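Source file: target_35.txt (compact mmCIF, C-alpha atoms)
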# COMPACT_ATOMS: atom_id res chain seq x y z
CA VAL S 1 3.86 -7.29 -13.33
CA LEU S 2 2.29 -4.45 -11.34
CA LEU S 3 -0.08 -3.60 -14.18
CA LEU S 4 -1.09 -7.25 -14.49
CA THR S 5 -1.72 -7.47 -10.75
CA ALA S 6 -3.84 -4.30 -10.84
CA ALA S 7 -5.83 -5.61 -13.80
CA ALA S 8 -6.46 -8.90 -12.01
CA GLY S 9 -7.64 -7.04 -8.91
CA ILE S 10 -9.99 -4.84 -10.91
CA ALA S 11 -11.38 -7.84 -12.81
CA THR S 12 -11.95 -9.73 -9.58
CA THR S 13 -13.73 -6.78 -7.99
CA ALA S 14 -15.89 -6.22 -11.07
CA GLY S 15 -16.75 -9.91 -11.19
CA ALA S 16 -17.70 -9.88 -7.53
CA ALA S 17 -19.90 -6.82 -8.07
CA VAL S 18 -21.66 -8.53 -10.99
CA ALA S 19 -22.16 -11.68 -8.92
CA LEU S 20 -23.52 -9.58 -6.07
CA ALA S 21 -25.95 -7.88 -8.46
CA MET S 22 -27.09 -11.28 -9.69
CA ILE S 23 -27.73 -12.41 -6.12
CA ASP S 24 -29.50 -9.26 -4.92
CA TRP S 25 -29.53 -5.90 -6.62
CA TRP S 26 -30.11 -4.08 -3.30
CA LEU S 27 -26.81 -5.43 -2.02
CA ALA S 28 -25.10 -4.35 -5.22
CA ALA S 29 -26.63 -0.88 -4.86
CA ALA S 30 -25.42 -0.65 -1.25
CA PHE S 31 -21.95 -1.74 -2.35
CA ALA S 32 -21.91 0.83 -5.15
CA ALA S 33 -23.13 3.56 -2.79
CA GLY S 34 -20.17 2.90 -0.51
CA LEU S 35 -17.56 3.29 -3.24
CA PRO S 36 -17.49 7.12 -3.51
CA PRO S 37 -16.95 7.69 0.25
CA LEU S 38 -14.29 4.98 0.18
CA ALA S 39 -12.52 6.70 -2.72
CA VAL S 40 -12.59 10.05 -0.90
CA ALA S 41 -11.29 8.53 2.33
CA LEU S 42 -8.52 6.72 0.47
CA ARG S 43 -7.48 9.91 -1.32
CA VAL S 44 -7.38 11.88 1.95
CA PHE S 45 -5.33 9.14 3.62
CA VAL S 46 -2.81 8.96 0.78
CA VAL S 47 -2.36 12.73 0.70
CA ARG S 48 -1.89 12.95 4.47
CA ALA S 49 0.29 9.85 4.80
CA THR S 50 2.76 10.57 2.00
CA GLU S 51 4.99 13.02 3.88
CA PRO S 52 5.14 11.08 7.19
CA PHE S 53 5.84 7.89 5.26
CA ALA S 54 8.71 9.59 3.43
CA ARG S 55 10.14 10.77 6.77
CA TYR S 56 9.82 7.24 8.17
CA GLN S 57 11.64 5.81 5.17
CA ALA S 58 14.42 8.40 5.57
CA CYS S 59 14.83 7.47 9.24
CA GLN S 60 14.94 3.78 8.37
CA ALA S 61 17.60 4.50 5.75
CA ALA S 62 19.67 6.43 8.29
CA ILE S 63 19.44 3.56 10.79
CA ALA S 64 20.37 1.00 8.13
CA THR S 65 23.34 3.13 7.07
CA ARG S 66 24.59 3.40 10.64
CA LEU S 67 24.25 -0.34 11.19
CA LEU S 68 26.08 -1.09 7.95
CA ASP S 69 28.86 1.37 8.82
CA ALA S 70 29.20 -0.17 12.29
CA ARG S 71 29.37 -3.66 10.82
CA GLN S 72 32.05 -2.63 8.34
CA GLY S 73 33.93 -0.89 11.14
CA ILE S 74 33.98 -4.11 13.17
CA ARG S 75 35.51 -5.95 10.20
CA THR S 76 38.21 -3.30 9.94
CA ILE S 77 39.01 -3.50 13.66
CA ARG S 78 39.15 -7.31 13.58
CA ALA S 79 41.41 -7.26 10.52
CA SER S 80 44.01 -5.04 12.19

Would you write the structure of this file as structure tokens?
Amino acid sequence: VLLLTAAAGIATTAGAAVALAMIDWWLAAAFAAGLPPLAVALRVFVVRATEPFARYQACQAAIATRLLDARQGIRTIRAS
């Protein structure tokens, strides 16, 4: 499913670029010129955001575990 979604996104983008080139090649050239800086910025963001995102996910997991434990503890107290 993920591969199909990625392929659809790439096909849509390529189709839009072709349509843009058919409308005005200067616009298509400007679009194409913006792709390399975008790719570099995206790469830098992903590299820098990976570790903080992993820490965030770990904190969320700890909070969810505590909430689940508290909920199960309430059931035990009510049952006794």

What's the separation between CA of Gln72 in chain S and CA of Ala58 in chain S, in Å to one decimal place?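 Atom-to-atom, CA of Gln72 in chain S to CA of Ala58 in chain S, that is 21.0 Å.
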
note - CA of Ala49 in chain S and CA of Thr5 in chain S are separated by 23.4 Å

In Å and to one decimal, CA of Val1 in chain S is distant from CA of Thr13 in chain S by 18.4 Å
